[in-house]
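Enquirer: What follows is the file target_33.pdb, containing PDB, C-alpha atoms:
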ATOM      1  CA  MET A   1       7.817  28.636  -0.513
ATOM      2  CA  MET A   2       7.121  25.431   1.394
ATOM      3  CA  LYS A   3       9.024  23.019   3.630
ATOM      4  CA  ALA A   4       9.812  19.521   2.359
ATOM      5  CA  ILE A   5      11.942  16.491   3.230
ATOM      6  CA  GLY A   6      13.800  14.616   0.521
ATOM      7  CA  TYR A   7      17.046  12.879  -0.318
ATOM      8  CA  ALA A   8      19.888  14.116  -2.503
ATOM      9  CA  ASP A   9      21.779  10.863  -3.088
ATOM     10  CA  ALA A  10      20.604   7.279  -3.276
ATOM     11  CA  GLY A  11      21.956   5.032  -0.545
ATOM     12  CA  PRO A  12      21.395   3.621   2.937
ATOM     13  CA  ILE A  13      19.362   5.412   5.586
ATOM     14  CA  THR A  14      22.490   5.550   7.783
ATOM     15  CA  GLU A  15      24.088   8.167   5.509
ATOM     16  CA  LYS A  16      24.002  11.668   6.998
ATOM     17  CA  GLY A  17      22.223  13.130   3.958
ATOM     18  CA  ALA A  18      19.809  10.261   3.416
ATOM     19  CA  LEU A  19      16.927  12.574   4.393
ATOM     20  CA  ILE A  20      17.212  16.356   4.473
ATOM     21  CA  GLU A  21      14.792  19.225   5.091
ATOM     22  CA  PHE A  22      14.776  22.032   2.533
ATOM     23  CA  GLU A  23      12.531  24.697   1.029
ATOM     24  CA  THR A  24      11.067  24.680  -2.463
ATOM     25  CA  ASP A  25       8.379  26.474  -4.453
ATOM     26  CA  ILE A  26       4.718  25.663  -3.880
ATOM     27  CA  PRO A  27       3.646  23.951  -7.127
ATOM     28  CA  GLU A  28       0.902  25.244  -9.436
ATOM     29  CA  PRO A  29      -1.986  22.853 -10.271
ATOM     30  CA  GLY A  30      -2.310  21.486 -13.793
ATOM     31  CA  PRO A  31      -5.756  21.007 -15.391
ATOM     32  CA  ASN A  32      -6.638  17.782 -13.515
ATOM     33  CA  ASP A  33      -4.678  18.527 -10.337
ATOM     34  CA  LEU A  34      -5.539  19.259  -6.754
ATOM     35  CA  LEU A  35      -3.122  21.259  -4.623
ATOM     36  CA  VAL A  36      -3.392  19.537  -1.245
ATOM     37  CA  GLU A  37      -2.270  20.884   2.114
ATOM     38  CA  VAL A  38      -0.759  17.691   3.537
ATOM     39  CA  ARG A  39      -1.919  16.962   7.100
ATOM     40  CA  GLY A  40      -0.806  13.321   7.494
ATOM     41  CA  ILE A  41       1.556  10.887   5.764
ATOM     42  CA  SER A  42       2.633   7.248   6.034
ATOM     43  CA  VAL A  43       5.724   5.239   5.133
ATOM     44  CA  ASN A  44       5.676   2.278   2.744
ATOM     45  CA  PRO A  45       8.305  -0.164   1.419
ATOM     46  CA  VAL A  46       8.395   1.834  -1.838
ATOM     47  CA  ASP A  47       9.797   4.850   0.075
ATOM     48  CA  VAL A  48      12.731   2.738   1.226
ATOM     49  CA  LYS A  49      13.319   1.144  -2.195
ATOM     50  CA  VAL A  50      13.295   4.454  -4.065
ATOM     51  CA  ARG A  51      15.522   6.220  -1.519
ATOM     52  CA  ALA A  52      18.078   3.396  -1.565
ATOM     53  CA  ASN A  53      18.190   2.729  -5.307
ATOM     54  CA  VAL A  54      17.034   5.691  -7.427
ATOM     55  CA  GLN A  55      19.448   8.593  -7.809
ATOM     56  CA  PRO A  56      17.594  11.957  -7.798
ATOM     57  CA  ASP A  57      17.936  14.196 -10.820
ATOM     58  CA  GLY A  58      18.267  17.935 -10.376
ATOM     59  CA  GLY A  59      18.157  18.303  -6.610
ATOM     60  CA  PRO A  60      16.552  16.545  -3.647
ATOM     61  CA  ARG A  61      13.646  14.209  -4.407
ATOM     62  CA  ILE A  62      10.598  14.416  -2.152
ATOM     63  CA  LEU A  63       9.423  10.956  -1.091
ATOM     64  CA  GLY A  64       6.080   9.859   0.312
ATOM     65  CA  PHE A  65       3.282   7.919  -1.353
ATOM     66  CA  ASP A  66       0.382   8.207   1.071
ATOM     67  CA  ALA A  67      -1.313  11.334   2.339
ATOM     68  CA  ALA A  68      -4.453  12.856   3.756
ATOM     69  CA  GLY A  69      -5.090  16.549   3.695
ATOM     70  CA  VAL A  70      -7.226  19.500   2.635
ATOM     71  CA  VAL A  71      -7.694  20.738  -0.927
ATOM     72  CA  LYS A  72      -6.374  24.314  -1.248
ATOM     73  CA  GLU A  73      -6.615  24.887  -5.009
ATOM     74  CA  VAL A  74      -8.017  22.974  -7.995
ATOM     75  CA  GLY A  75      -7.057  22.799 -11.664
ATOM     76  CA  SER A  76      -9.135  24.200 -14.499
ATOM     77  CA  GLU A  77     -10.651  20.843 -15.530
ATOM     78  CA  THR A  78     -11.335  19.288 -12.103
ATOM     79  CA  THR A  79     -14.900  18.249 -11.310
ATOM     80  CA  ARG A  80     -14.738  15.986  -8.248
ATOM     81  CA  PHE A  81     -13.381  18.213  -5.461
ATOM     82  CA  ARG A  82     -13.411  21.815  -4.276
ATOM     83  CA  PRO A  83     -11.155  23.854  -1.978
ATOM     84  CA  GLY A  84     -11.793  22.846   1.626
ATOM     85  CA  ASP A  85     -12.542  19.183   0.843
ATOM     86  CA  GLU A  86     -10.734  16.598   2.970
ATOM     87  CA  VAL A  87      -9.084  13.895   0.837
ATOM     88  CA  PHE A  88      -6.761  10.883   0.965
ATOM     89  CA  TYR A  89      -4.688   9.276  -1.774
ATOM     90  CA  ALA A  90      -1.487   7.388  -2.668
ATOM     91  CA  GLY A  91      -0.130   9.740  -5.304
ATOM     92  CA  ASP A  92       1.994   9.121  -8.381
ATOM     93  CA  ILE A  93       5.522   7.668  -8.249
ATOM     94  CA  THR A  94       6.617   9.942 -11.120
ATOM     95  CA  ARG A  95       5.788  13.175  -9.231
ATOM     96  CA  PRO A  96       7.080  14.821  -6.026
ATOM     97  CA  GLY A  97       5.788  13.042  -2.941
ATOM     98  CA  THR A  98       3.860  13.702   0.238
ATOM     99  CA  ASN A  99       6.692  14.656   2.599
ATOM    100  CA  ALA A 100       6.045  18.344   2.103
ATOM    101  CA  GLU A 101       3.607  21.054   3.171
ATOM    102  CA  PHE A 102       1.785  20.950  -0.182
ATOM    103  CA  GLN A 103       1.494  18.406  -2.994
ATOM    104  CA  LEU A 104      -0.085  18.159  -6.434
ATOM    105  CA  VAL A 105      -2.133  15.049  -7.205
ATOM    106  CA  ASP A 106      -4.441  14.133 -10.077
ATOM    107  CA  GLU A 107      -8.016  14.143  -8.789
ATOM    108  CA  ARG A 108      -8.743  10.872 -10.608
ATOM    109  CA  ILE A 109      -6.660   8.944  -8.042
ATOM    110  CA  VAL A 110      -7.999  10.778  -4.966
ATOM    111  CA  GLY A 111     -10.836   9.769  -2.639
ATOM    112  CA  ARG A 112     -12.721  11.600   0.088
ATOM    113  CA  LYS A 113     -11.067  11.203   3.484
ATOM    114  CA  PRO A 114     -12.948   8.879   5.848
ATOM    115  CA  SER A 115     -14.690  11.176   8.317
ATOM    116  CA  SER A 116     -14.161   8.672  11.142
ATOM    117  CA  LEU A 117     -10.354   8.870  10.909
ATOM    118  CA  GLY A 118      -7.948  11.671  11.687
ATOM    119  CA  PHE A 119      -5.610  12.853   8.947
ATOM    120  CA  ALA A 120      -2.587  10.787  10.008
ATOM    121  CA  GLU A 121      -4.594   7.588  10.436
ATOM    122  CA  ALA A 122      -6.373   8.123   7.120
ATOM    123  CA  ALA A 123      -2.975   8.546   5.452
ATOM    124  CA  GLY A 124      -2.118   4.991   6.463
ATOM    125  CA  MET A 125      -4.734   3.457   4.196
ATOM    126  CA  PRO A 126      -4.598   4.451   0.488
ATOM    127  CA  LEU A 127      -1.541   2.754  -1.059
ATOM    128  CA  THR A 128      -2.005  -0.590   0.631
ATOM    129  CA  THR A 129      -5.757  -0.573   0.102
ATOM    130  CA  ILE A 130      -5.463   0.192  -3.610
ATOM    131  CA  THR A 131      -2.876  -2.590  -3.924
ATOM    132  CA  ALA A 132      -5.043  -5.109  -2.093
ATOM    133  CA  TRP A 133      -8.216  -4.099  -3.959
ATOM    134  CA  GLU A 134      -6.492  -4.434  -7.332
ATOM    135  CA  ILE A 135      -5.120  -7.874  -6.377
ATOM    136  CA  LEU A 136      -8.583  -9.166  -5.496
ATOM    137  CA  PHE A 137     -10.704  -7.552  -8.168
ATOM    138  CA  ASP A 138      -8.271  -6.854 -11.036
ATOM    139  CA  SER A 139      -5.564  -9.535 -10.848
ATOM    140  CA  PHE A 140      -7.775 -12.354  -9.565
ATOM    141  CA  GLY A 141     -10.803 -11.044 -11.438
ATOM    142  CA  LEU A 142     -13.154 -11.712  -8.530
ATOM    143  CA  LYS A 143     -16.453  -9.907  -8.091
ATOM    144  CA  GLU A 144     -17.805  -8.953  -4.700
ATOM    145  CA  GLY A 145     -19.484 -11.909  -3.015
ATOM    146  CA  GLU A 146     -17.645 -14.503  -5.094
ATOM    147  CA  GLY A 147     -15.185 -17.118  -3.838
ATOM    148  CA  GLU A 148     -17.450 -19.627  -2.074
ATOM    149  CA  GLY A 149     -15.555 -22.894  -1.613
ATOM    150  CA  ASP A 150     -12.191 -21.350  -2.497
ATOM    151  CA  ALA A 151      -9.339 -20.043  -0.367
ATOM    152  CA  LEU A 152      -6.807 -17.198  -0.484
ATOM    153  CA  LEU A 153      -3.308 -17.493   0.970
ATOM    154  CA  VAL A 154      -1.765 -14.140   1.959
ATOM    155  CA  ILE A 155       2.012 -14.424   2.333
ATOM    156  CA  GLY A 156       3.148 -11.615   4.623
ATOM    157  CA  GLY A 157      -0.157 -11.098   6.377
ATOM    158  CA  ALA A 158       1.052  -8.649   9.038
ATOM    159  CA  GLY A 159       2.317  -6.002   6.618
ATOM    160  CA  GLY A 160       0.288  -3.079   5.382
ATOM    161  CA  VAL A 161      -1.017  -4.772   2.237
ATOM    162  CA  GLY A 162      -1.624  -8.097   3.954
ATOM    163  CA  SER A 163      -3.550  -6.438   6.774
ATOM    164  CA  ILE A 164      -6.089  -4.762   4.492
ATOM    165  CA  LEU A 165      -6.164  -7.585   1.912
ATOM    166  CA  THR A 166      -7.289  -9.994   4.616
ATOM    167  CA  GLN A 167     -10.071  -7.605   5.632
ATOM    168  CA  LEU A 168     -11.255  -6.962   2.081
ATOM    169  CA  ALA A 169     -11.312 -10.667   1.272
ATOM    170  CA  LYS A 170     -13.264 -11.492   4.434
ATOM    171  CA  LYS A 171     -15.740  -8.623   4.146
ATOM    172  CA  LEU A 172     -16.320  -8.392   0.386
ATOM    173  CA  THR A 173     -15.823 -11.962  -0.886
ATOM    174  CA  SER A 174     -16.701 -15.472   0.268
ATOM    175  CA  LEU A 175     -13.086 -16.668   0.316
ATOM    176  CA  GLU A 176     -11.549 -18.541   3.228
ATOM    177  CA  VAL A 177      -8.407 -16.585   4.170
ATOM    178  CA  ILE A 178      -5.109 -18.027   5.372
ATOM    179  CA  ALA A 179      -2.427 -15.476   6.315
ATOM    180  CA  THR A 180       1.219 -16.099   7.143
ATOM    181  CA  ALA A 181       3.040 -14.712  10.176
ATOM    182  CA  SER A 182       6.026 -16.012  12.135
ATOM    183  CA  ARG A 183       6.065 -14.216  15.503
ATOM    184  CA  PRO A 184       3.487 -14.247  18.310
ATOM    185  CA  ASP A 185       2.786 -10.511  17.857
ATOM    186  CA  THR A 186       2.353 -10.761  14.075
ATOM    187  CA  GLN A 187       0.235 -13.891  14.423
ATOM    188  CA  ALA A 188      -2.049 -12.066  16.845
ATOM    189  CA  TRP A 189      -2.252  -9.108  14.434
ATOM    190  CA  VAL A 190      -3.325 -11.164  11.401
ATOM    191  CA  ALA A 191      -5.934 -12.913  13.520
ATOM    192  CA  LYS A 192      -7.206  -9.460  14.544
ATOM    193  CA  MET A 193      -7.428  -8.522  10.845
ATOM    194  CA  GLY A 194      -9.795 -11.459  10.361
ATOM    195  CA  ALA A 195      -7.729 -14.354   8.992
ATOM    196  CA  ASP A 196      -9.444 -17.728   9.320
ATOM    197  CA  HIS A 197      -6.090 -19.507   9.753
ATOM    198  CA  VAL A 198      -2.498 -18.461  10.429
ATOM    199  CA  VAL A 199       0.540 -20.378   9.156
ATOM    200  CA  ASN A 200       4.259 -19.761   9.638
ATOM    201  CA  HIS A 201       6.203 -18.548   6.599
ATOM    202  CA  ARG A 202       9.473 -19.472   8.336
ATOM    203  CA  LYS A 203       8.544 -23.083   7.582
ATOM    204  CA  PRO A 204       7.947 -24.689   4.145
ATOM    205  CA  LEU A 205       4.588 -23.275   3.111
ATOM    206  CA  ASP A 206       3.514 -26.304   1.107
ATOM    207  CA  GLU A 207       3.951 -28.462   4.212
ATOM    208  CA  GLU A 208       2.136 -25.895   6.375
ATOM    209  CA  MET A 209      -0.808 -25.826   3.975
ATOM    210  CA  LYS A 210      -0.859 -29.609   3.607
ATOM    211  CA  ALA A 211      -1.086 -29.944   7.392
ATOM    212  CA  LEU A 212      -3.994 -27.486   7.319
ATOM    213  CA  GLY A 213      -5.699 -29.504   4.590
ATOM    214  CA  ILE A 214      -6.341 -26.504   2.313
ATOM    215  CA  ALA A 215      -5.241 -25.952  -1.285
ATOM    216  CA  PRO A 216      -5.850 -22.267  -2.060
ATOM    217  CA  ARG A 217      -6.981 -21.221  -5.523
ATOM    218  CA  TYR A 218      -5.526 -17.735  -4.966
ATOM    219  CA  VAL A 219      -2.127 -16.751  -3.540
ATOM    220  CA  ALA A 220      -1.054 -13.170  -2.797
ATOM    221  CA  ALA A 221       2.739 -13.272  -2.506
ATOM    222  CA  LEU A 222       3.584 -10.007  -0.757
ATOM    223  CA  THR A 223       7.139 -10.682   0.434
ATOM    224  CA  ASN A 224      10.103 -12.984  -0.284
ATOM    225  CA  THR A 225       8.348 -14.504  -3.296
ATOM    226  CA  GLY A 226      11.574 -15.944  -4.687
ATOM    227  CA  ASP A 227      12.181 -17.907  -1.488
ATOM    228  CA  HIS A 228       8.653 -19.313  -1.435
ATOM    229  CA  PHE A 229       7.974 -19.808  -5.139
ATOM    230  CA  ALA A 230       8.555 -23.566  -5.351
ATOM    231  CA  SER A 231       6.261 -24.085  -2.356
ATOM    232  CA  ILE A 232       3.660 -21.727  -3.857
ATOM    233  CA  VAL A 233       3.551 -23.771  -7.064
ATOM    234  CA  GLU A 234       3.240 -26.971  -5.049
ATOM    235  CA  LEU A 235       0.439 -25.769  -2.747
ATOM    236  CA  THR A 236      -1.752 -23.839  -5.217
ATOM    237  CA  LYS A 237      -4.855 -25.534  -6.603
ATOM    238  CA  PRO A 238      -4.721 -26.386 -10.345
ATOM    239  CA  ARG A 239      -5.878 -23.490 -12.542
ATOM    240  CA  GLY A 240      -5.193 -21.162  -9.626
ATOM    241  CA  HIS A 241      -3.755 -17.638  -9.678
ATOM    242  CA  ILE A 242      -0.664 -16.133  -8.041
ATOM    243  CA  ALA A 243      -0.298 -12.349  -7.627
ATOM    244  CA  LEU A 244       2.911 -10.761  -6.385
ATOM    245  CA  ILE A 245       4.089  -7.277  -5.507
ATOM    246  CA  ASP A 246       7.794  -7.681  -4.697
ATOM    247  CA  ASP A 247      10.830  -7.956  -6.981
ATOM    248  CA  PRO A 248      12.290 -11.476  -7.095
ATOM    249  CA  ALA A 249      15.475 -11.756  -9.147
ATOM    250  CA  SER A 250      13.864 -14.425 -11.325
ATOM    251  CA  LEU A 251      10.911 -16.819 -11.395
ATOM    252  CA  ASP A 252      10.676 -20.236 -13.041
ATOM    253  CA  ILE A 253       7.240 -19.745 -14.571
ATOM    254  CA  VAL A 254       7.663 -22.881 -16.705
ATOM    255  CA  SER A 255       6.942 -24.776 -13.482
ATOM    256  CA  LEU A 256       3.385 -23.356 -13.593
ATOM    257  CA  LYS A 257       2.455 -25.149 -16.804
ATOM    258  CA  SER A 258       1.377 -28.554 -15.509
ATOM    259  CA  LYS A 259      -1.128 -26.940 -13.130
ATOM    260  CA  ALA A 260      -2.111 -24.255 -15.682
ATOM    261  CA  LEU A 261      -1.436 -21.596 -13.050
ATOM    262  CA  SER A 262      -1.622 -17.882 -13.806
ATOM    263  CA  VAL A 263       0.806 -15.330 -12.399
ATOM    264  CA  SER A 264       0.557 -11.548 -12.411
ATOM    265  CA  TRP A 265       2.238  -8.528 -10.855
ATOM    266  CA  GLU A 266       0.299  -5.872  -9.032
ATOM    267  CA  PHE A 267       1.716  -2.337  -9.090
ATOM    268  CA  MET A 268      -0.732   0.289  -7.923
ATOM    269  CA  PHE A 269       1.187   3.127  -9.622
ATOM    270  CA  THR A 270       0.596   1.711 -13.111
ATOM    271  CA  ARG A 271      -2.648   3.607 -13.708
ATOM    272  CA  SER A 272      -1.146   6.987 -12.840
ATOM    273  CA  MET A 273       2.247   6.316 -14.488
ATOM    274  CA  PHE A 274       0.664   5.494 -17.839
ATOM    275  CA  GLN A 275      -2.417   7.722 -17.539
ATOM    276  CA  THR A 276      -4.614   4.725 -18.325
ATOM    277  CA  GLU A 277      -8.163   5.244 -19.503
ATOM    278  CA  ASP A 278      -9.466   3.747 -16.261
ATOM    279  CA  MET A 279      -7.464   5.929 -13.825
ATOM    280  CA  GLU A 280     -10.723   6.947 -12.154
ATOM    281  CA  ALA A 281     -11.041   3.398 -10.789
ATOM    282  CA  GLN A 282      -8.735   4.439  -7.946
ATOM    283  CA  HIS A 283     -10.902   7.460  -7.113
ATOM    284  CA  ASN A 284     -13.949   5.201  -7.037
ATOM    285  CA  LEU A 285     -12.404   2.485  -4.885
ATOM    286  CA  LEU A 286     -10.949   4.947  -2.365
ATOM    287  CA  SER A 287     -14.320   6.624  -1.970
ATOM    288  CA  ARG A 288     -15.925   3.208  -1.481
ATOM    289  CA  VAL A 289     -13.290   2.263   1.086
ATOM    290  CA  ALA A 290     -13.919   5.543   2.938
ATOM    291  CA  ASP A 291     -17.547   4.449   3.293
ATOM    292  CA  LEU A 292     -16.471   0.988   4.506
ATOM    293  CA  LEU A 293     -14.166   2.529   7.118
ATOM    294  CA  ASP A 294     -16.834   4.961   8.265
ATOM    295  CA  ASP A 295     -19.480   2.256   8.703
ATOM    296  CA  GLY A 296     -17.075  -0.073  10.556
ATOM    297  CA  THR A 297     -16.878  -2.767   7.880
ATOM    298  CA  LEU A 298     -13.123  -2.159   7.652
ATOM    299  CA  VAL A 299     -10.781  -1.110  10.463
ATOM    300  CA  SER A 300      -7.609   0.939  10.348
ATOM    301  CA  THR A 301      -4.356  -0.936   9.776
ATOM    302  CA  VAL A 302      -2.263   1.769  11.464
ATOM    303  CA  ASN A 303      -0.176   0.291  14.258
ATOM    304  CA  ARG A 304       2.310   3.091  15.021
ATOM    305  CA  HIS A 305       2.150   6.875  15.121
ATOM    306  CA  GLY A 306       5.651   8.252  14.661
ATOM    307  CA  GLY A 307       4.973  11.840  15.746
ATOM    308  CA  ASP A 308       5.327  15.026  13.702
ATOM    309  CA  LEU A 309       6.943  15.023  10.268
ATOM    310  CA  SER A 310      10.637  15.772  10.809
ATOM    311  CA  VAL A 311      13.914  14.375   9.521
ATOM    312  CA  ALA A 312      14.480  12.443  12.759
ATOM    313  CA  ASN A 313      10.990  10.946  12.916
ATOM    314  CA  LEU A 314      10.915  10.099   9.210
ATOM    315  CA  ARG A 315      14.337   8.467   9.505
ATOM    316  CA  ALA A 316      13.048   6.315  12.376
ATOM    317  CA  ALA A 317      10.050   5.280  10.283
ATOM    318  CA  HIS A 318      12.335   4.319   7.378
ATOM    319  CA  GLU A 319      14.547   2.326   9.730
ATOM    320  CA  LEU A 320      11.540   0.443  11.081
ATOM    321  CA  GLN A 321      10.340  -0.319   7.562
ATOM    322  CA  GLU A 322      13.798  -1.576   6.563
ATOM    323  CA  SER A 323      14.032  -3.794   9.651
ATOM    324  CA  GLY A 324      11.361  -6.144   8.370
ATOM    325  CA  THR A 325       9.585  -6.076  11.741
ATOM    326  CA  ALA A 326       6.926  -3.447  11.013
ATOM    327  CA  ILE A 327       3.341  -4.498  11.715
ATOM    328  CA  GLY A 328       0.539  -2.750   9.861
ATOM    329  CA  LYS A 329       1.245   0.872   8.964
ATOM    330  CA  THR A 330       3.370   3.661  10.460
ATOM    331  CA  VAL A 331       2.056   7.229  10.108
ATOM    332  CA  LEU A 332       3.157  10.767  10.989
ATOM    333  CA  ASP A 333       1.415  14.103  11.257
ATOM    334  CA  GLY A 334       2.213  16.482   8.409
ATOM    335  CA  PHE A 335       4.117  19.741   8.701
ATOM    336  CA  ILE A 336       0.722  21.485   8.803
ATOM    337  CA  LYS A 337      -1.353  20.331  11.753
ATOM    338  CA  GLU A 338      -5.092  19.834  11.963
ATOM    339  CA  ALA A 339      -6.992  23.047  12.585
TER     340      ALA A 339
END
I'd like the structure from this file rewritten - as C-alpha cells, please.
Expert:
Amino acid sequence: MMKAIGYADAGPITEKGALIEFETDIPEPGPNDLLVEVRGISVNPVDVKVRANVQPDGGPRILGFDAAGVVKEVGSETTRFRPGDEVFYAGDITRPGTNAEFQLVDERIVGRKPSSLGFAEAAGMPLTTITAWEILFDSFGLKEGEGEGDALLVIGGAGGVGSILTQLAKKLTSLEVIATASRPDTQAWVAKMGADHVVNHRKPLDEEMKALGIAPRYVAALTNTGDHFASIVELTKPRGHIALIDDPASLDIVSLKSKALSVSWEFMFTRSMFQTEDMEAQHNLLSRVADLLDDGTLVSTVNRHGGDLSVANLRAAHELQESGTAIGKTVLDGFIKEA
C-alpha cells in the first residue's frame, strides 16, 4: 500500500473534504510505464481547475501533474530508463497524479532530472516548460535561432508558463520579448526572467504596446484571454499568431480575418491523452531542458517551497494558486524524502 492525497467531491478548496489523505494499492507498470518513487511535486492551475470542476469516479482522485523522483520498476517494453534513474515529468491528465508515494508514467513523456536541481525544485519545471516549448516551436512553428526582427508578447509573464516561456524565447530564439505584469514584485520577476520590456495588463494592452512602439508578430495569451482579446487583435502584427492556454467562454475569431491572424490552443496533455505518434517529443524536450538547466542557460522558476507533502501544505498551495497572486512555481517535497 502507499499514501496518497486526493479529493472525493468536486468543489471549493474551503470544503473540509476538498483534499484528503488515504491509502491505496501501489500500481503495477504497464509495458511502457515507469513506476516512480515521487520525491518532489508542484502545483499548477490545472490542479485547481480539476479539483473544483471534475467529479471523481469510484473514490478519491489523486491530483498532481508535475513530479521528480526515482525509477523503482520499469515495464516490459521500456528502453529509456532503468531502476535507480532520477527523472522529472508532467504526467498524464487521464491517470492518477503525483500526490502519492508512487506513480505510473509513460516513459515517452519523461526526461532525466536535471542534476543541478533537487527533487522538489526539478518538479517545478516540467508542465510549464513543455507548455512553453510547444507554444514556441509547435504552435508558432519557430525553429531555434529564428525570430530576428519580430517580437513576442507574453500575457501573464509572472506565472509558471510565462516565466519559462520568456527564458526559452530569449535563449533559443532571436525574438524581442515583452511580458505583462501589474505589481512591482511581478514586474521585477519578469525582468529577472529576461523580458526586454514589461507592460501592465491592468491597462489596455493595445495602448500599452502602442506607447512602446512595438507590434508583436506572436502573442502568448496565458491568462484572462477573453478580457484582452479585442486588444490582442488590435496590437498583433498582420499575419501574426496568437496562442492561448486558458478557457475563455467565447472568442470572436471573425475579427482575425482582416489581419489574417492565426489562433491556436496549447494543451500539453494532448500528446499523452491521445497517444499521438510523436509522444516522444516530450521526452526529448525535457531531456534537452535538463541540459539547459544544468549548464545555466535556463534558471529555475520556483519561487516558493511549501514544505513536506501533507493535506495542510497542499491546501495552502492550492489556495495560493487560486488567489491569482502566485509568482513562478510553488513546490513541495514528496512523501518520500531524498536519501
Enquirer: Could you list the residues chosen by the PyMOL selection byres ((chain A and resi 30) around 12) in this structure as JSON, numbers by chain?
Expert: {"A": [27, 28, 29, 31, 32, 33, 34, 35, 73, 74, 75, 76, 77, 78, 103, 104, 105, 106, 107]}
Enquirer: I'd like to know which of A:Gly328, A:Glu176, A:Glu86, A:Thr225 is closest to Ser116 of chain A, using only C-alpha atoms.
Expert: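 Closest residue, counting only C-alpha atoms: A:Glu86.
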Enquirer: Written as a ChimeraX atom specification, which residues does the PyMOL selection byres ((chain A and resi 214-221) around 6) give for the file shown?
Expert: /A:151-155,209,212-213,222-223,225,235-237,240-244
Enquirer: Restrict the calculation to only C-alpha atoms, then for each residue of segment 41-134 of chain A with any atom at most 10 Å from an atom of segment 297-304 of chain A give the closest atom pair and their distance in Å to one decimal, rows by chain and rising residue number, as a tab-separated table.
Expert:
residue	atom	partner	partner_atom	distance
A:Ser42	CA	A:Val302	CA	9.1
A:Leu117	CA	A:Ser300	CA	8.4
A:Ala120	CA	A:Val302	CA	9.1
A:Glu121	CA	A:Val302	CA	6.4
A:Ala122	CA	A:Ser300	CA	8.0
A:Ala123	CA	A:Val302	CA	9.1
A:Gly124	CA	A:Val302	CA	6.0
A:Met125	CA	A:Thr301	CA	7.1
A:Thr128	CA	A:Thr301	CA	9.4
A:Thr129	CA	A:Thr301	CA	9.8
Enquirer: Measure the distance from atom CA of Thr180 of chain A to atom CA of Asn200 of chain A in Å and round it to one decimal.
Expert: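 The value is 5.4 Å.
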Enquirer: Between A:Pro45, A:Gly64, A:Gly58, A:Gly156, which residue has the minimum interatomic distance to Ala4 of chain A, considering only C-alpha atoms?
Expert: A:Gly64
Enquirer: For Val289 of chain A, please output as a PyMOL selection string all residues within 12 Å (counting all atoms listed in the file; exclusion window: fewer than 4 positions along the same chain).
Expert: chain A and resi 88-89+110-116+122+125-130+132-133+164+167-168+171-172+282-285+293-300
Enquirer: Between atom CA of Val46 of chain A and atom CA of Met273 of chain A, what is the spacing in Å?
Expert: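 These two atoms are separated by 14.8 Å.
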Enquirer: Could you work out how far atom CA of His318 of chain A lies from atom CA of Val38 of chain A, giving the answer in Å with one decimal?
Expert: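 Computing the Euclidean distance for atom CA of Val38 of chain A and atom CA of His318 of chain A yields 19.1 Å.
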Enquirer: Can you tell me which residues surround segment 134-150 of chain A at a distance of at most 6 Å, considering all atoms listed in the file, apart from same-chain residues fewer than 6 positions away, and format the answer as a PyMOL selection string?
Expert: chain A and resi 172-175
Enquirer: Run the PyMOL selection byres ((chain A and resi 92) around 7) against the file shown and list the residues it catches, as a PyMOL selection string.
Expert: chain A and resi 90-91+93-95+269+272-273
Enquirer: Check the smallest atom-to-atom distance from each of A:Arg239, A:Arg108, A:His201, A:Lys192 to Ile327 of chain A using only C-alpha atoms, then report the winner.
Expert: A:Lys192
Enquirer: Identify the residues within 9 Å of coordinate (7.2, -7.4, -9.4) (same frame as the file), considering only C-alpha atoms, and give the answer as a list of chain:residue names.
Expert: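 Here the neighbourhood of the point contains A:Leu244, A:Ile245, A:Asp246, A:Asp247, A:Pro248, A:Ser264, A:Trp265, A:Glu266, A:Phe267.
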Enquirer: What would segment 47-57 of chain A look like with N, CA and C atoms restored, written as an mmCIF file, keeping the file's coordinate frame?
Expert:
data_model
loop_
_atom_site.group_PDB
_atom_site.id
_atom_site.type_symbol
_atom_site.label_atom_id
_atom_site.label_comp_id
_atom_site.auth_asym_id
_atom_site.auth_seq_id
_atom_site.Cartn_x
_atom_site.Cartn_y
_atom_site.Cartn_z
ATOM 1 N N ASP A 47 8.959 3.720 -0.357
ATOM 2 C CA ASP A 47 9.797 4.850 0.075
ATOM 3 C C ASP A 47 11.246 4.397 0.260
ATOM 4 N N VAL A 48 11.402 3.264 0.929
ATOM 5 C CA VAL A 48 12.731 2.738 1.226
ATOM 6 C C VAL A 48 13.434 2.314 -0.059
ATOM 7 N N LYS A 49 12.715 1.621 -0.950
ATOM 8 C CA LYS A 49 13.319 1.144 -2.195
ATOM 9 C C LYS A 49 13.778 2.302 -3.074
ATOM 10 N N VAL A 50 12.932 3.309 -3.219
ATOM 11 C CA VAL A 50 13.295 4.454 -4.065
ATOM 12 C C VAL A 50 14.484 5.200 -3.467
ATOM 13 N N ARG A 51 14.436 5.469 -2.163
ATOM 14 C CA ARG A 51 15.522 6.220 -1.519
ATOM 15 C C ARG A 51 16.854 5.486 -1.637
ATOM 16 N N ALA A 52 16.838 4.176 -1.542
ATOM 17 C CA ALA A 52 18.078 3.396 -1.565
ATOM 18 C C ALA A 52 18.626 3.200 -2.972
ATOM 19 N N ASN A 53 17.764 3.206 -3.991
ATOM 20 C CA ASN A 53 18.190 2.729 -5.307
ATOM 21 C C ASN A 53 18.064 3.718 -6.459
ATOM 22 N N VAL A 54 17.291 4.786 -6.303
ATOM 23 C CA VAL A 54 17.034 5.691 -7.427
ATOM 24 C C VAL A 54 17.717 7.035 -7.171
ATOM 25 N N GLN A 55 18.720 7.341 -7.985
ATOM 26 C CA GLN A 55 19.448 8.593 -7.809
ATOM 27 C C GLN A 55 18.589 9.775 -8.264
ATOM 28 N N PRO A 56 18.395 10.789 -7.397
ATOM 29 C CA PRO A 56 17.594 11.957 -7.798
ATOM 30 C C PRO A 56 18.264 12.726 -8.935
ATOM 31 N N ASP A 57 17.450 13.407 -9.696
ATOM 32 C CA ASP A 57 17.936 14.196 -10.820
ATOM 33 C C ASP A 57 17.560 15.661 -10.596
#
